[in-house]
>>> print(open('coords-v9.cif').read())   # mmCIF, C-alpha atoms and all ligand atoms
data_model
#
loop_
_atom_site.label_atom_id
_atom_site.label_comp_id
_atom_site.auth_asym_id
_atom_site.auth_seq_id
_atom_site.Cartn_x
_atom_site.Cartn_y
_atom_site.Cartn_z
CA MET A 1 10.55 26.38 62.67
CA ASN A 2 9.06 27.31 59.33
CA ARG A 3 9.17 30.80 57.94
CA PRO A 4 5.55 31.94 58.48
CA VAL A 5 5.69 31.06 62.17
CA ALA A 6 8.99 32.88 62.52
CA ALA A 7 7.41 35.89 60.80
CA LEU A 8 4.47 35.76 63.19
CA LEU A 9 6.75 35.72 66.20
CA LEU A 10 8.73 38.61 64.79
CA GLY A 11 5.49 40.49 64.19
CA SER A 12 4.47 40.02 67.81
CA PHE A 13 7.85 41.21 68.98
CA LEU A 14 7.66 44.32 66.83
CA ALA A 15 4.08 44.99 67.95
CA THR A 16 5.02 44.92 71.60
CA GLY A 17 8.21 46.87 71.00
CA CYS A 18 9.71 45.42 74.14
CA ALA A 19 12.25 42.62 74.28
CA THR A 20 11.27 41.62 77.79
CA THR A 21 7.61 40.90 76.97
CA ALA A 22 7.05 37.16 76.88
CA VAL A 23 5.67 36.04 73.52
CA PRO A 24 3.43 32.99 73.78
CA PRO A 25 4.64 30.07 71.67
CA THR A 26 3.02 29.59 68.29
CA VAL A 27 1.45 26.16 68.00
CA ILE A 28 0.00 24.46 64.92
CA VAL A 29 -3.37 23.26 66.25
CA ALA A 30 -4.77 21.93 62.95
CA ASN A 31 -3.66 21.50 59.37
CA GLY A 32 -4.54 19.91 56.06
CA SER A 33 -3.72 19.59 52.37
CA LEU A 34 -5.31 21.99 49.90
CA ILE A 35 -6.83 20.06 47.01
CA ARG A 36 -8.26 21.21 43.69
CA ALA A 37 -11.55 20.09 42.16
CA ASP A 38 -9.57 17.52 40.10
CA GLU A 39 -8.16 16.14 43.41
CA GLN A 40 -4.64 17.38 42.67
CA GLN A 41 -2.65 18.83 45.57
CA ALA A 42 -2.53 22.61 45.51
CA GLY A 43 -0.95 23.59 48.82
CA ARG A 44 -1.38 23.52 52.55
CA ALA A 45 -3.44 25.15 55.30
CA GLU A 46 -2.42 25.52 58.95
CA LEU A 47 -4.36 26.86 61.91
CA LEU A 48 -1.94 28.51 64.31
CA GLN A 49 -2.51 29.52 67.92
CA GLU A 50 -0.46 32.12 69.77
CA GLY A 51 -1.85 32.68 73.23
CA ASP A 52 -5.53 33.56 72.77
CA ARG A 53 -5.11 34.53 69.09
CA LEU A 54 -5.70 32.29 66.08
CA TYR A 55 -4.11 32.66 62.65
CA LEU A 56 -4.71 30.86 59.40
CA HIS A 57 -1.68 30.21 57.24
CA LEU A 58 -2.45 29.22 53.65
CA ALA A 59 0.09 28.50 50.93
CA GLY A 60 -0.69 27.33 47.41
CA SER A 61 0.63 27.14 43.88
CA GLY A 62 -0.61 26.52 40.36
CA PHE A 63 -3.53 28.95 40.53
CA ASP A 64 -4.61 31.46 37.91
CA ALA A 65 -3.67 35.00 38.82
CA GLY A 66 -6.44 37.12 40.26
CA THR A 67 -8.42 38.16 43.31
CA ARG A 68 -10.12 35.20 44.93
CA ALA A 69 -12.24 34.77 48.02
CA PHE A 70 -11.31 32.38 50.76
CA HIS A 71 -13.28 31.38 53.82
CA LEU A 72 -13.68 28.87 56.59
CA HIS A 73 -16.65 26.64 55.79
CA GLN A 74 -18.75 24.81 58.32
CA GLN A 75 -18.01 21.15 57.55
CA GLY A 76 -14.59 19.54 57.30
CA ARG A 77 -15.44 17.67 54.09
CA CYS A 78 -13.87 18.41 50.71
CA ASP A 79 -15.71 16.16 48.22
CA GLY A 80 -14.93 17.27 44.68
CA PRO A 81 -15.54 18.54 42.20
CA ASP A 82 -17.89 21.18 43.67
CA PHE A 83 -16.96 20.94 47.38
CA THR A 84 -20.56 21.65 48.44
CA SER A 85 -19.98 18.99 51.12
CA ALA A 86 -18.22 21.70 53.15
CA GLY A 87 -21.52 23.59 53.63
CA GLY A 88 -21.74 27.36 53.98
CA HIS A 89 -19.46 29.76 55.78
CA LEU A 90 -18.54 28.94 59.36
CA ASN A 91 -20.98 31.16 61.29
CA PRO A 92 -21.47 29.87 64.84
CA PHE A 93 -22.48 33.27 66.20
CA GLY A 94 -25.40 33.94 63.81
CA LYS A 95 -23.96 36.94 61.90
CA THR A 96 -24.61 38.04 58.31
CA HIS A 97 -21.90 37.82 55.70
CA GLY A 98 -19.17 40.35 55.15
CA LYS A 99 -17.32 43.09 56.92
CA LEU A 100 -19.35 45.68 54.94
CA SER A 101 -22.68 44.36 56.20
CA GLU A 102 -24.33 45.84 59.26
CA MET A 103 -24.72 42.53 61.06
CA GLY A 104 -21.40 41.12 59.83
CA GLN A 105 -19.34 39.22 59.81
CA HIS A 106 -19.13 35.41 59.77
CA LEU A 107 -16.34 33.85 61.78
CA GLY A 108 -15.32 32.19 58.49
CA ASP A 109 -15.07 35.46 56.53
CA LEU A 110 -11.50 36.21 55.47
CA PRO A 111 -9.84 38.87 53.29
CA ASN A 112 -9.54 38.14 49.55
CA LEU A 113 -6.41 36.41 48.27
CA GLU A 114 -4.39 38.36 45.71
CA ILE A 115 -2.79 35.67 43.58
CA PRO A 116 0.07 37.02 41.45
CA ALA A 117 1.15 35.96 37.95
CA THR A 118 3.37 33.23 39.43
CA GLY A 119 0.20 31.49 40.61
CA SER A 120 1.73 30.99 44.07
CA PHE A 121 0.74 32.62 47.34
CA ASP A 122 1.64 32.33 51.01
CA VAL A 123 -0.52 34.31 53.43
CA THR A 124 -1.20 34.40 57.15
CA VAL A 125 -4.36 36.10 58.41
CA GLU A 126 -5.59 36.63 61.94
CA LEU A 127 -9.03 35.25 62.77
CA ASP A 128 -11.65 37.29 64.62
CA GLY A 129 -12.28 36.68 68.29
CA ASN A 130 -10.47 34.92 71.09
CA ALA A 131 -9.18 31.41 70.56
CA SER A 132 -10.85 30.23 73.76
CA LYS A 133 -14.21 31.06 72.16
CA THR A 134 -13.57 30.31 68.47
CA LEU A 135 -11.30 27.26 68.54
CA PRO A 136 -14.03 24.93 69.90
CA GLN A 137 -16.25 26.13 67.01
CA ILE A 138 -13.56 25.45 64.41
CA LEU A 139 -12.55 22.06 65.80
CA ASP A 140 -16.12 20.92 66.49
CA ALA A 141 -17.43 17.44 65.73
CA ASP A 142 -18.03 18.04 62.01
CA GLY A 143 -14.78 19.92 61.55
CA THR A 144 -14.03 22.92 59.34
CA ALA A 145 -12.77 23.39 55.78
CA VAL A 146 -10.73 26.16 54.20
CA MET A 147 -12.18 27.10 50.79
CA ILE A 148 -10.89 29.14 47.85
CA HIS A 149 -13.40 30.48 45.32
CA ALA A 150 -13.06 31.38 41.64
CA GLY A 151 -14.00 35.01 42.21
CA PRO A 152 -13.55 37.76 44.78
CA ASP A 153 -15.70 38.20 47.86
CA ASP A 154 -17.67 41.47 47.69
CA TYR A 155 -17.70 41.52 51.54
CA LYS A 156 -21.44 42.17 51.69
CA THR A 157 -23.67 39.74 49.72
CA ASP A 158 -25.25 37.42 52.29
CA PRO A 159 -24.52 34.58 52.78
CA SER A 160 -21.81 33.82 50.21
CA GLY A 161 -20.09 37.08 49.25
CA ALA A 162 -20.99 36.32 45.60
CA ALA A 163 -17.62 34.66 45.31
CA GLY A 164 -18.49 32.09 42.66
CA PRO A 165 -17.58 28.42 42.37
CA ARG A 166 -15.38 26.64 44.90
CA ILE A 167 -12.01 25.76 43.36
CA ALA A 168 -9.85 24.41 46.18
CA CYS A 169 -10.50 23.02 49.64
CA ALA A 170 -8.60 21.84 52.71
CA VAL A 171 -9.92 19.96 55.74
CA LEU A 172 -8.44 21.29 58.99
CA SER A 173 -7.55 18.24 61.07
CA PRO A 174 -6.45 18.69 64.70
CA THR A 175 -2.75 17.95 65.23
CA SER A 176 -3.30 16.46 68.68
CU CU B 1 -16.39 30.25 50.78
#
>>> encode(input="coords-v9.cif", output="structure tokens")
Amino acid sequence: MNRPVAALLLGSFLATGCATTAVPPTVIVANGSLIRADEQQAGRAELLQEGDRLYLHLAGSGFDAGTRAFHLHQQGRCDGPDFTSAGGHLNPFGKTHGKLSEMGQHLGDLPNLEIPATGSFDVTVELDGNASKTLPQILDADGTAVMIHAGPDDYKTDPSGAAGPRIACAVLSPTS
């Protein structure tokens, strides 16, 4: 078992505060390599399911320090160098962009990454909604990509969050 999954399970245990509560197993339902615009490997993305919850685990290295947006985008295609092949944000439920917008937010909207001076990061974020509803949208016929942008998401500018160019991308491929 890798460390992020162990941390997730521990988090669930602490949240319930009861040793007798059964914790559903954490399963990796999709994963993929994170690649930069120059096609070099930059890390890894994993989509994790625990009961009816979904989590995205993203680890990377070799990035410039700073606050950078990341999202789920609607097509599982990472054609460099601009990664426009991935389309816009994953938005199957017809929302506007950003948690600060009235009609927000996209299913693919995620909190900004804070990349430290080391250039490495390892984060796990919970996705909105129930897995039974969102997983079929993520693992649909055209797939889904995880995207990192050069700048931060302002959490309100529709439809992109004004996050700037796309700098790294991972295709989430189902594991089974
Ligand atoms: Cu994006």
>>> closest_atom_pairs(input="coords-v9.cif", of="chain A", to="ligand CU 1 (chain B)", cutoff="6 Å", atoms="all atoms listed in the file", output="Markdown table")
| residue | atom | partner | partner_atom | distance |
| --- | --- | --- | --- | --- |
| A:Phe70 | CA | B:CU1 | CU | 5.5 |
| A:His71 | CA | B:CU1 | CU | 4.5 |
| A:His89 | CA | B:CU1 | CU | 5.9 |
| A:Met147 | CA | B:CU1 | CU | 5.3 |
>>> residues_near_point(input="coords-v9.cif", point="(0.4, 31.6, 52.9)", cutoff="7 Å", atoms="only C-alpha atoms", output="PyMOL selection string")
chain A and resi 57-59+121-124
>>> closest_residue(input="coords-v9.cif", among="A:Asn112, A:Thr175, A:Thr118, A:Ser101", to="Arg68 of chain A", atoms="only C-alpha atoms")
A:Asn112
>>> closest_residue(input="coords-v9.cif", among="A:Leu48, A:Ala42, A:Ala150, A:Cys78", to="Ser120 of chain A", atoms="only C-alpha atoms")
A:Ala42
>>> residues_around(input="coords-v9.cif", residues="His149 of chain A", least_positions_apart="3", cutoff="12 Å", atoms="all atoms listed in the file", output="mmCIF file with C-alpha atoms, in the frame of the given file")
data_model
loop_
_atom_site.group_PDB
_atom_site.id
_atom_site.type_symbol
_atom_site.label_atom_id
_atom_site.label_comp_id
_atom_site.auth_asym_id
_atom_site.auth_seq_id
_atom_site.Cartn_x
_atom_site.Cartn_y
_atom_site.Cartn_z
ATOM 1 C CA ARG A 36 -8.260 21.210 43.690
ATOM 2 C CA ALA A 37 -11.550 20.090 42.160
ATOM 3 C CA PHE A 63 -3.530 28.950 40.530
ATOM 4 C CA ASP A 64 -4.610 31.460 37.910
ATOM 5 C CA GLY A 66 -6.440 37.120 40.260
ATOM 6 C CA THR A 67 -8.420 38.160 43.310
ATOM 7 C CA ARG A 68 -10.120 35.200 44.930
ATOM 8 C CA ALA A 69 -12.240 34.770 48.020
ATOM 9 C CA PHE A 70 -11.310 32.380 50.760
ATOM 10 C CA HIS A 71 -13.280 31.380 53.820
ATOM 11 C CA LEU A 72 -13.680 28.870 56.590
ATOM 12 C CA HIS A 73 -16.650 26.640 55.790
ATOM 13 C CA ASP A 82 -17.890 21.180 43.670
ATOM 14 C CA PHE A 83 -16.960 20.940 47.380
ATOM 15 C CA THR A 84 -20.560 21.650 48.440
ATOM 16 C CA LEU A 110 -11.500 36.210 55.470
ATOM 17 C CA ASN A 112 -9.540 38.140 49.550
ATOM 18 C CA LEU A 113 -6.410 36.410 48.270
ATOM 19 C CA GLU A 114 -4.390 38.360 45.710
ATOM 20 C CA ILE A 115 -2.790 35.670 43.580
ATOM 21 C CA VAL A 146 -10.730 26.160 54.200
ATOM 22 C CA PRO A 152 -13.550 37.760 44.780
ATOM 23 C CA ASP A 153 -15.700 38.200 47.860
ATOM 24 C CA SER A 160 -21.810 33.820 50.210
ATOM 25 C CA GLY A 161 -20.090 37.080 49.250
ATOM 26 C CA ALA A 162 -20.990 36.320 45.600
ATOM 27 C CA ALA A 163 -17.620 34.660 45.310
ATOM 28 C CA GLY A 164 -18.490 32.090 42.660
ATOM 29 C CA PRO A 165 -17.580 28.420 42.370
ATOM 30 C CA ARG A 166 -15.380 26.640 44.900
ATOM 31 C CA ILE A 167 -12.010 25.760 43.360
ATOM 32 C CA ALA A 168 -9.850 24.410 46.180
ATOM 33 C CA CYS A 169 -10.500 23.020 49.640
#
>>> atom_distance(input="coords-v9.cif", atom1="atom CA of Pro136 of chain A", atom2="atom CA of Asp79 of chain A")
23.4 Å
>>> atom_distance(input="coords-v9.cif", atom1="atom CA of Asp128 of chain A", atom2="atom CA of Gly104 of chain A")
11.5 Å
